[in-house]
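The next block is entry.cif, given as mmCIF, C-alpha atoms.
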```
data_structure
#
loop_
_atom_site.group_PDB
_atom_site.id
_atom_site.type_symbol
_atom_site.label_atom_id
_atom_site.label_comp_id
_atom_site.auth_asym_id
_atom_site.auth_seq_id
_atom_site.Cartn_x
_atom_site.Cartn_y
_atom_site.Cartn_z
ATOM 1 C CA MET B 1 -36.863 -20.791 -4.976
ATOM 2 C CA LEU B 2 -34.859 -22.002 -7.990
ATOM 3 C CA ARG B 3 -34.270 -18.404 -9.127
ATOM 4 C CA THR B 4 -32.991 -17.421 -5.682
ATOM 5 C CA LEU B 5 -30.679 -20.430 -5.606
ATOM 6 C CA MET B 6 -29.417 -19.628 -9.112
ATOM 7 C CA ARG B 7 -28.758 -15.962 -8.191
ATOM 8 C CA SER B 8 -26.872 -17.029 -5.074
ATOM 9 C CA ALA B 9 -24.753 -19.445 -7.102
ATOM 10 C CA ILE B 10 -23.931 -16.721 -9.651
ATOM 11 C CA ALA B 11 -23.054 -14.241 -6.887
ATOM 12 C CA LEU B 12 -20.773 -16.829 -5.257
ATOM 13 C CA LEU B 13 -19.072 -17.574 -8.588
ATOM 14 C CA VAL B 14 -18.476 -13.876 -9.332
ATOM 15 C CA THR B 15 -17.049 -13.370 -5.826
ATOM 16 C CA ALA B 16 -14.732 -16.359 -6.247
ATOM 17 C CA LEU B 17 -13.517 -15.020 -9.594
ATOM 18 C CA LEU B 18 -12.859 -11.505 -8.276
ATOM 19 C CA LEU B 19 -11.140 -12.525 -5.023
ATOM 20 C CA PRO B 20 -7.710 -13.175 -6.624
ATOM 21 C CA LEU B 21 -7.785 -9.654 -8.079
ATOM 22 C CA THR B 22 -8.259 -8.022 -4.679
ATOM 23 C CA VAL B 23 -5.554 -10.182 -3.108
ATOM 24 C CA SER B 24 -3.046 -9.277 -5.847
ATOM 25 C CA LEU B 25 -3.705 -5.572 -5.286
ATOM 26 C CA ALA B 26 -2.956 -5.894 -1.574
ATOM 27 C CA LEU B 27 0.256 -7.805 -2.311
ATOM 28 C CA ALA B 28 1.567 -4.916 -4.436
ATOM 29 C CA HIS B 29 2.531 -3.055 -1.261
ATOM 30 C CA GLY B 30 5.262 -3.459 1.330
ATOM 31 C CA HIS B 31 4.583 -3.994 5.022
ATOM 32 C CA THR B 32 6.743 -2.806 7.910
ATOM 33 C CA THR B 33 6.217 -2.484 11.654
ATOM 34 C CA VAL B 34 7.324 0.453 13.807
ATOM 35 C CA GLY B 35 6.558 -0.009 17.498
ATOM 36 C CA ASP B 36 2.859 -0.873 17.773
ATOM 37 C CA TYR B 37 2.074 0.241 14.213
ATOM 38 C CA GLU B 38 2.025 -1.473 10.850
ATOM 39 C CA LEU B 39 2.681 0.689 7.793
ATOM 40 C CA VAL B 40 1.573 -0.589 4.394
ATOM 41 C CA ILE B 41 3.400 1.336 1.660
ATOM 42 C CA GLY B 42 3.076 1.396 -2.123
ATOM 43 C CA PHE B 43 2.055 3.423 -5.142
ATOM 44 C CA LYS B 44 -1.566 4.587 -5.435
ATOM 45 C CA ASN B 45 -1.753 3.150 -8.951
ATOM 46 C CA GLU B 46 -0.081 -0.206 -9.505
ATOM 47 C CA PRO B 47 1.478 -0.944 -11.845
ATOM 48 C CA ALA B 48 3.038 2.516 -11.934
ATOM 49 C CA PHE B 49 4.006 3.952 -15.330
ATOM 50 C CA GLN B 50 6.512 6.683 -16.180
ATOM 51 C CA GLY B 51 4.786 9.953 -17.013
ATOM 52 C CA GLU B 52 1.456 8.976 -15.442
ATOM 53 C CA PRO B 53 0.009 10.641 -12.305
ATOM 54 C CA ASN B 54 0.527 8.571 -9.188
ATOM 55 C CA GLY B 55 1.284 8.967 -5.499
ATOM 56 C CA LEU B 56 1.832 7.293 -2.185
ATOM 57 C CA ASP B 57 -0.637 4.759 -0.854
ATOM 58 C CA LEU B 58 0.037 4.528 2.907
ATOM 59 C CA THR B 59 -2.107 2.798 5.508
ATOM 60 C CA VAL B 60 -1.289 2.868 9.244
ATOM 61 C CA THR B 61 -2.807 0.343 11.660
ATOM 62 C CA ASN B 62 -2.344 -0.048 15.421
ATOM 63 C CA THR B 63 -1.233 -3.695 15.757
ATOM 64 C CA LYS B 64 -2.474 -3.971 19.363
ATOM 65 C CA THR B 65 -6.027 -2.771 18.695
ATOM 66 C CA GLY B 66 -6.354 -3.502 14.964
ATOM 67 C CA GLU B 67 -7.687 0.027 14.458
ATOM 68 C CA LYS B 68 -6.597 2.344 11.657
ATOM 69 C CA VAL B 69 -4.697 5.428 12.845
ATOM 70 C CA ASN B 70 -6.075 8.816 11.765
ATOM 71 C CA ASP B 71 -4.763 12.386 12.010
ATOM 72 C CA LEU B 72 -1.140 11.724 11.000
ATOM 73 C CA ALA B 73 -0.853 14.187 8.102
ATOM 74 C CA ASP B 74 0.683 16.790 10.439
ATOM 75 C CA THR B 75 3.035 14.424 12.300
ATOM 76 C CA LEU B 76 4.472 12.447 9.370
ATOM 77 C CA LYS B 77 6.539 13.682 6.440
ATOM 78 C CA VAL B 78 7.213 11.874 3.184
ATOM 79 C CA GLU B 79 9.675 12.107 0.329
ATOM 80 C CA LEU B 80 10.212 10.105 -2.829
ATOM 81 C CA LEU B 81 13.725 9.170 -3.937
ATOM 82 C CA PHE B 82 14.987 8.089 -7.352
ATOM 83 C CA GLY B 83 18.725 7.573 -7.583
ATOM 84 C CA ALA B 84 20.358 10.722 -6.157
ATOM 85 C CA SER B 85 17.171 12.797 -6.640
ATOM 86 C CA LYS B 86 14.611 13.304 -3.896
ATOM 87 C CA LYS B 87 11.472 15.350 -3.469
ATOM 88 C CA GLU B 88 9.501 16.042 -0.300
ATOM 89 C CA LEU B 89 5.767 15.735 -0.895
ATOM 90 C CA THR B 90 2.701 16.860 1.049
ATOM 91 C CA LEU B 91 0.988 14.035 2.932
ATOM 92 C CA ARG B 92 -2.792 14.171 3.221
ATOM 93 C CA PRO B 93 -5.547 11.790 4.353
ATOM 94 C CA GLN B 94 -7.233 9.668 1.685
ATOM 95 C CA TRP B 95 -10.846 10.733 1.539
ATOM 96 C CA GLY B 96 -13.262 8.283 3.117
ATOM 97 C CA GLU B 97 -10.623 5.797 4.325
ATOM 98 C CA ASP B 98 -9.562 5.575 7.966
ATOM 99 C CA GLY B 99 -5.807 5.394 8.515
ATOM 100 C CA ALA B 100 -5.039 5.951 4.827
ATOM 101 C CA TYR B 101 -2.787 8.701 3.453
ATOM 102 C CA THR B 102 -1.564 9.813 0.047
ATOM 103 C CA THR B 103 0.500 12.328 -1.920
ATOM 104 C CA ASP B 104 0.646 13.303 -5.572
ATOM 105 C CA VAL B 105 3.619 12.667 -7.847
ATOM 106 C CA LEU B 106 4.328 12.279 -11.549
ATOM 107 C CA PRO B 107 7.246 9.824 -11.877
ATOM 108 C CA THR B 108 9.173 10.929 -14.966
ATOM 109 C CA ALA B 109 11.601 8.013 -15.264
ATOM 110 C CA ASP B 110 11.183 4.267 -15.167
ATOM 111 C CA GLY B 111 13.015 2.290 -12.500
ATOM 112 C CA ASP B 112 13.142 1.767 -8.751
ATOM 113 C CA TYR B 113 11.783 4.427 -6.396
ATOM 114 C CA THR B 114 12.043 4.668 -2.600
ATOM 115 C CA TRP B 115 9.404 6.082 -0.240
ATOM 116 C CA HIS B 116 10.903 7.688 2.896
ATOM 117 C CA ILE B 117 8.465 8.367 5.742
ATOM 118 C CA TRP B 118 9.519 10.005 9.002
ATOM 119 C CA GLY B 119 8.051 11.816 11.999
ATOM 120 C CA THR B 120 5.856 10.385 14.755
ATOM 121 C CA ILE B 121 2.804 8.172 15.106
ATOM 122 C CA GLU B 122 1.152 8.894 18.464
ATOM 123 C CA ASN B 123 4.555 9.733 20.072
ATOM 124 C CA THR B 124 6.333 6.751 18.452
ATOM 125 C CA PRO B 125 9.300 7.919 16.330
ATOM 126 C CA VAL B 126 9.155 6.784 12.697
ATOM 127 C CA ASP B 127 11.941 6.741 10.109
ATOM 128 C CA VAL B 128 11.184 4.194 7.389
ATOM 129 C CA SER B 129 12.505 3.845 3.842
ATOM 130 C CA MET B 130 11.040 1.318 1.424
ATOM 131 C CA MET B 131 12.327 0.717 -2.105
ATOM 132 C CA SER B 132 10.326 -0.914 -4.865
ATOM 133 C CA GLY B 133 11.075 -4.599 -5.264
ATOM 134 C CA PRO B 134 9.555 -8.084 -5.381
ATOM 135 C CA GLU B 135 8.658 -8.052 -1.663
ATOM 136 C CA THR B 136 7.334 -4.466 -1.550
ATOM 137 C CA PHE B 137 5.749 -2.574 -4.463
ATOM 138 C CA GLY B 138 6.427 -2.473 -8.187
ATOM 139 C CA ALA B 139 9.021 -0.295 -9.889
ATOM 140 C CA VAL B 140 7.844 2.400 -12.279
ATOM 141 C CA LYS B 141 7.627 0.932 -15.779
ATOM 142 C CA ALA B 142 8.238 2.659 -19.097
ATOM 143 C CA LYS B 143 5.007 3.447 -20.951
ATOM 144 C CA SER B 144 6.417 1.634 -23.970
ATOM 145 C CA THR B 145 5.809 -1.675 -22.161
ATOM 146 C CA VAL B 146 2.053 -1.208 -22.539
ATOM 147 C CA ALA B 147 1.680 1.450 -25.258
ATOM 148 C CA PHE B 148 -0.409 0.492 -28.278
ATOM 149 C CA PRO B 149 -0.319 0.934 -31.224
ATOM 150 C CA ALA B 150 2.812 3.093 -30.861
ATOM 151 C CA ALA B 151 4.823 4.235 -27.858
ATOM 152 C CA GLU B 152 5.062 7.922 -26.981
ATOM 153 C CA SER B 153 8.501 9.477 -27.189
ATOM 154 C CA THR B 154 10.301 9.803 -23.859
ATOM 155 C CA PRO B 155 11.575 13.242 -22.757
ATOM 156 C CA ALA B 156 15.136 12.130 -23.606
ATOM 157 C CA GLU B 157 14.036 11.070 -27.101
ATOM 158 C CA LEU B 158 12.234 14.392 -27.614
ATOM 159 C CA ASN B 159 15.372 16.310 -26.508
ATOM 160 C CA ALA B 160 17.493 14.303 -28.935
ATOM 161 C CA GLN B 161 15.035 14.976 -31.768
ATOM 162 C CA ALA B 162 15.008 18.711 -30.951
ATOM 163 C CA ALA B 163 18.820 18.824 -30.843
ATOM 164 C CA ALA B 164 19.032 17.010 -34.203
ATOM 165 C CA ALA B 165 16.501 19.392 -35.714
ATOM 166 C CA ALA B 166 18.425 22.421 -34.384
ATOM 167 C CA GLN B 167 21.679 20.998 -35.799
ATOM 168 C CA THR B 168 20.018 20.439 -39.195
ATOM 169 C CA ALA B 169 18.599 23.967 -39.176
ATOM 170 C CA GLN B 170 22.074 25.441 -38.578
ATOM 171 C CA THR B 171 23.586 23.693 -41.617
#
```
What would the structure in this file look like if it were written as structure tokens?
Amino acid sequence: MLRTLMRSAIALLVTALLLPLTVSLALAHGHTTVGDYELVIGFKNEPAFQGEPNGLDLTVTNTKTGEKVNDLADTLKVELLFGASKKELTLRPQWGEDGAYTTDVLPTADGDYTWHIWGTIENTPVDVSMMSGPETFGAVKAKSTVAFPAAESTPAELNAQAAAAAQTAQT
């Protein structure tokens, strides 16, 4: 009896300690409503780092029924914008998760990105743009903010080093 009580207390303590972690993950996404549907939008991997594989993390829920909405990969389109650059990406269902969709992207610069999603959800027109920010999802961070013991060179730094080496070789 005492062992069972002790195990239950430990399980409750572990759950209480892990709960803030799951809540913070859910808060790293933006929420918007289109008609009877809620879209939750963010990066697959948060925080997102420049040069690291990532993608869209999109969940669609019917607000009237509370049910997740499946089979939208053919009716929705998605693109990622950074400054004046944009790239359309292929939307696909997330394996094993109802109403969840993703794409693949490798963000090559740090800063604010915008997800643009358009098309239809069960005959409801959708045209939503969501930029990273404090109320939505995190901006892409430079790897140097977490690199240890030394930061990798950025593509711009590598280009500058190559240009300097070429200039030195010519003299």
- Query: Nearest to B:Pro53 among B:Thr108, B:Gly66, B:His31, B:Ser85, with distances taken over all atoms listed in the file: which residue is it?
  - Reply: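 Using all atoms listed in the file, the shortest distance to B:Pro53 belongs to B:Thr108.
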- Message: Can you spell out as a PyMOL selection string the set of residues that the PyMOL selection byres ((chain B and resi 130) around 8) selects in the structure I just provided?
- Response: chain B and resi 30+41+114-116+128-129+131-132+136
- Query: Need the neighbours of (-1.0, 4.8, 3.5): which residues are at most 8 Å away, counting all atoms listed in the file, as a list in words?
  - Reply: Leu39, Val40, Ile41, Gly42, Leu56, Asp57, Leu58, Thr59, Val60, Gly99, Ala100, Tyr101 and Thr102 of chain B
As a check of understanding, name the residues that the PyMOL selection byres ((chain B and resi 73) around 8) selects in the supplied structure, as a PDB file with C-alpha atoms, keeping the file's coordinate frame.
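The resulting file, expr.pdb, is reproduced below:
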```pdb
ATOM      1  CA  ASP B  71      -4.763  12.386  12.010  1.00  0.00           C
ATOM      2  CA  LEU B  72      -1.140  11.724  11.000  1.00  0.00           C
ATOM      3  CA  ASP B  74       0.683  16.790  10.439  1.00  0.00           C
ATOM      4  CA  THR B  75       3.035  14.424  12.300  1.00  0.00           C
ATOM      5  CA  LEU B  76       4.472  12.447   9.370  1.00  0.00           C
ATOM      6  CA  LYS B  77       6.539  13.682   6.440  1.00  0.00           C
ATOM      7  CA  LEU B  91       0.988  14.035   2.932  1.00  0.00           C
ATOM      8  CA  ARG B  92      -2.792  14.171   3.221  1.00  0.00           C
ATOM      9  CA  PRO B  93      -5.547  11.790   4.353  1.00  0.00           C
ATOM     10  CA  TYR B 101      -2.787   8.701   3.453  1.00  0.00           C
TER      11      TYR B 101
END
```
- Show which residues sit within 7 Å of B:Asp98, as a PyMOL selection string. Count all atoms listed in the file, and ignore same-chain residues fewer than 4 positions away. chain B and resi 68-70
- Run the PyMOL selection byres ((chain B and resi 45-50) around 12) on the file and write out the hits as number ranges by chain. B: 24-29, 41-44, 51-57, 102-113, 132, 136-147, 152-155
- Measure the distance from atom CA of B:Thr61 to atom CA of B:Thr33 in Å and round it to one decimal.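 Atom CA of B:Thr33 lies 9.5 Å from atom CA of B:Thr61.
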- Item | Point-to-point distance from atom CA of B:Phe82 to atom CA of B:Gly133, Å rounded to tenths | 13.4 Å
May I ask you to restore N, CA and C atoms in stretch 64-96 of chain B and write the result as a PDB file, in the coordinates of the input?
```
ATOM      1  N   LYS B  64      -1.886  -3.474  18.102  1.00  0.00           N
ATOM      2  CA  LYS B  64      -2.474  -3.971  19.363  1.00  0.00           C
ATOM      3  C   LYS B  64      -3.998  -3.966  19.309  1.00  0.00           C
ATOM      4  N   THR B  65      -4.567  -2.906  18.715  1.00  0.00           N
ATOM      5  CA  THR B  65      -6.027  -2.771  18.695  1.00  0.00           C
ATOM      6  C   THR B  65      -6.648  -3.181  17.362  1.00  0.00           C
ATOM      7  N   GLY B  66      -5.831  -3.208  16.294  1.00  0.00           N
ATOM      8  CA  GLY B  66      -6.354  -3.502  14.964  1.00  0.00           C
ATOM      9  C   GLY B  66      -7.031  -2.312  14.310  1.00  0.00           C
ATOM     10  N   GLU B  67      -7.016  -1.163  14.989  1.00  0.00           N
ATOM     11  CA  GLU B  67      -7.687   0.027  14.458  1.00  0.00           C
ATOM     12  C   GLU B  67      -6.761   0.834  13.564  1.00  0.00           C
ATOM     13  N   LYS B  68      -7.340   1.446  12.539  1.00  0.00           N
ATOM     14  CA  LYS B  68      -6.597   2.344  11.657  1.00  0.00           C
ATOM     15  C   LYS B  68      -6.292   3.629  12.424  1.00  0.00           C
ATOM     16  N   VAL B  69      -5.141   4.238  12.112  1.00  0.00           N
ATOM     17  CA  VAL B  69      -4.697   5.428  12.845  1.00  0.00           C
ATOM     18  C   VAL B  69      -4.924   6.666  11.981  1.00  0.00           C
ATOM     19  N   ASN B  70      -5.752   7.580  12.477  1.00  0.00           N
ATOM     20  CA  ASN B  70      -6.075   8.816  11.765  1.00  0.00           C
ATOM     21  C   ASN B  70      -5.239   9.990  12.273  1.00  0.00           C
ATOM     22  N   ASP B  71      -5.351  11.113  11.595  1.00  0.00           N
ATOM     23  CA  ASP B  71      -4.763  12.386  12.010  1.00  0.00           C
ATOM     24  C   ASP B  71      -3.236  12.374  12.055  1.00  0.00           C
ATOM     25  N   LEU B  72      -2.599  11.765  11.049  1.00  0.00           N
ATOM     26  CA  LEU B  72      -1.140  11.724  11.000  1.00  0.00           C
ATOM     27  C   LEU B  72      -0.539  12.654   9.952  1.00  0.00           C
ATOM     28  N   ALA B  73      -1.368  13.340   9.182  1.00  0.00           N
ATOM     29  CA  ALA B  73      -0.853  14.187   8.102  1.00  0.00           C
ATOM     30  C   ALA B  73       0.047  15.307   8.617  1.00  0.00           C
ATOM     31  N   ASP B  74      -0.152  15.728   9.875  1.00  0.00           N
ATOM     32  CA  ASP B  74       0.683  16.790  10.439  1.00  0.00           C
ATOM     33  C   ASP B  74       1.893  16.264  11.204  1.00  0.00           C
ATOM     34  N   THR B  75       1.923  14.961  11.507  1.00  0.00           N
ATOM     35  CA  THR B  75       3.035  14.424  12.300  1.00  0.00           C
ATOM     36  C   THR B  75       3.988  13.557  11.483  1.00  0.00           C
ATOM     37  N   LEU B  76       3.597  13.223  10.259  1.00  0.00           N
ATOM     38  CA  LEU B  76       4.472  12.447   9.370  1.00  0.00           C
ATOM     39  C   LEU B  76       4.856  13.281   8.158  1.00  0.00           C
ATOM     40  N   LYS B  77       6.062  13.052   7.669  1.00  0.00           N
ATOM     41  CA  LYS B  77       6.539  13.682   6.440  1.00  0.00           C
ATOM     42  C   LYS B  77       6.908  12.565   5.476  1.00  0.00           C
ATOM     43  N   VAL B  78       6.905  12.886   4.185  1.00  0.00           N
ATOM     44  CA  VAL B  78       7.213  11.874   3.184  1.00  0.00           C
ATOM     45  C   VAL B  78       8.018  12.498   2.048  1.00  0.00           C
ATOM     46  N   GLU B  79       8.946  11.712   1.530  1.00  0.00           N
ATOM     47  CA  GLU B  79       9.675  12.107   0.329  1.00  0.00           C
ATOM     48  C   GLU B  79       9.829  10.886  -0.554  1.00  0.00           C
ATOM     49  N   LEU B  80      10.011  11.157  -1.846  1.00  0.00           N
ATOM     50  CA  LEU B  80      10.212  10.105  -2.829  1.00  0.00           C
ATOM     51  C   LEU B  80      11.615  10.260  -3.384  1.00  0.00           C
ATOM     52  N   LEU B  81      12.348   9.153  -3.445  1.00  0.00           N
ATOM     53  CA  LEU B  81      13.725   9.170  -3.937  1.00  0.00           C
ATOM     54  C   LEU B  81      13.837   8.328  -5.199  1.00  0.00           C
ATOM     55  N   PHE B  82      14.659   8.818  -6.126  1.00  0.00           N
ATOM     56  CA  PHE B  82      14.987   8.089  -7.352  1.00  0.00           C
ATOM     57  C   PHE B  82      16.450   8.363  -7.628  1.00  0.00           C
ATOM     58  N   GLY B  83      17.285   7.352  -7.445  1.00  0.00           N
ATOM     59  CA  GLY B  83      18.725   7.573  -7.583  1.00  0.00           C
ATOM     60  C   GLY B  83      19.166   8.613  -6.570  1.00  0.00           C
ATOM     61  N   ALA B  84      19.884   9.659  -7.048  1.00  0.00           N
ATOM     62  CA  ALA B  84      20.358  10.722  -6.157  1.00  0.00           C
ATOM     63  C   ALA B  84      19.326  11.842  -5.998  1.00  0.00           C
ATOM     64  N   SER B  85      18.207  11.763  -6.710  1.00  0.00           N
ATOM     65  CA  SER B  85      17.171  12.797  -6.640  1.00  0.00           C
ATOM     66  C   SER B  85      16.155  12.462  -5.562  1.00  0.00           C
ATOM     67  N   LYS B  86      15.677  13.510  -4.869  1.00  0.00           N
ATOM     68  CA  LYS B  86      14.611  13.304  -3.896  1.00  0.00           C
ATOM     69  C   LYS B  86      13.711  14.523  -3.868  1.00  0.00           C
ATOM     70  N   LYS B  87      12.458  14.269  -3.514  1.00  0.00           N
ATOM     71  CA  LYS B  87      11.472  15.350  -3.469  1.00  0.00           C
ATOM     72  C   LYS B  87      10.543  15.111  -2.287  1.00  0.00           C
ATOM     73  N   GLU B  88      10.453  16.125  -1.402  1.00  0.00           N
ATOM     74  CA  GLU B  88       9.501  16.042  -0.300  1.00  0.00           C
ATOM     75  C   GLU B  88       8.121  16.365  -0.847  1.00  0.00           C
ATOM     76  N   LEU B  89       7.139  15.590  -0.409  1.00  0.00           N
ATOM     77  CA  LEU B  89       5.767  15.735  -0.895  1.00  0.00           C
ATOM     78  C   LEU B  89       4.838  15.986   0.289  1.00  0.00           C
ATOM     79  N   THR B  90       3.674  16.537   0.008  1.00  0.00           N
ATOM     80  CA  THR B  90       2.701  16.860   1.049  1.00  0.00           C
ATOM     81  C   THR B  90       1.796  15.661   1.306  1.00  0.00           C
ATOM     82  N   LEU B  91       1.819  15.170   2.534  1.00  0.00           N
ATOM     83  CA  LEU B  91       0.988  14.035   2.932  1.00  0.00           C
ATOM     84  C   LEU B  91      -0.393  14.540   3.305  1.00  0.00           C
ATOM     85  N   ARG B  92      -1.419  13.818   2.868  1.00  0.00           N
ATOM     86  CA  ARG B  92      -2.792  14.171   3.221  1.00  0.00           C
ATOM     87  C   ARG B  92      -3.617  12.901   3.391  1.00  0.00           C
ATOM     88  N   PRO B  93      -4.692  12.974   4.178  1.00  0.00           N
ATOM     89  CA  PRO B  93      -5.547  11.790   4.353  1.00  0.00           C
ATOM     90  C   PRO B  93      -6.225  11.416   3.031  1.00  0.00           C
ATOM     91  N   GLN B  94      -6.444  10.113   2.836  1.00  0.00           N
ATOM     92  CA  GLN B  94      -7.233   9.668   1.685  1.00  0.00           C
ATOM     93  C   GLN B  94      -8.699   9.802   2.077  1.00  0.00           C
ATOM     94  N   TRP B  95      -9.454  10.447   1.247  1.00  0.00           N
ATOM     95  CA  TRP B  95     -10.846  10.733   1.539  1.00  0.00           C
ATOM     96  C   TRP B  95     -11.637   9.437   1.738  1.00  0.00           C
ATOM     97  N   GLY B  96     -12.359   9.395   2.858  1.00  0.00           N
ATOM     98  CA  GLY B  96     -13.262   8.283   3.117  1.00  0.00           C
ATOM     99  C   GLY B  96     -12.614   6.997   3.596  1.00  0.00           C
TER     100      GLY B  96
END
```
